[in-house]
Amino acid sequence: MFRHAIAPTRFFTQISNDIIRHPRLSSDAKCLLMWQLSLPPGADEPLSESARRAGIKKTAFGRAKGELKA
């Protein structure tokens with residue numbers, strides 16, 4: 001099967017399959033990472049703010065942050 005897609009010019013972020021399928025990252029860690037990767041160049045948003053905006057609670061944020069550090 002042939003697949004071809006043209007990426008939109010705005011509001012689009014490509015995420016590697018390695019991130020999506022990473023066996024040791026929880027969905028919250030992946031969400032937090034994708035949120036940070038989707039920020040515009042030069043944006044300086046702390047992880048805690050991204051977690052709040054993404055709806056990740058305090059305990060889950062701590063766990064996700066630890067997973068991303070590891």
# chains A, B, ... in the order shown; residues from 1 in each chain; ligands from 1
$ residues_around --residues "region 29-41 of chain A" --least-positions-apart "2" --cutoff "10 Å" --atoms "only C-alpha atoms" --output "JSON, numbers by chain"
{"A": [11, 12, 13, 14, 15, 16, 19, 20, 21, 22, 24, 25, 26, 27, 43, 44, 45, 46, 47, 48, 50, 51, 52, 53, 54, 55, 56, 60, 61, 62, 63, 64, 65, 66, 67, 68]}
$ select_by_dssp --residues "chain A" --states "alpha helix (DSSP H)" --output "JSON, numbers by chain"
{"A": [17, 18, 19, 20, 27, 28, 29, 30, 31, 32, 33, 34, 35, 36, 37, 47, 48, 49, 50, 51, 52, 53, 54, 58, 59, 60, 61, 62, 63, 64, 65, 66, 67, 68, 69]}
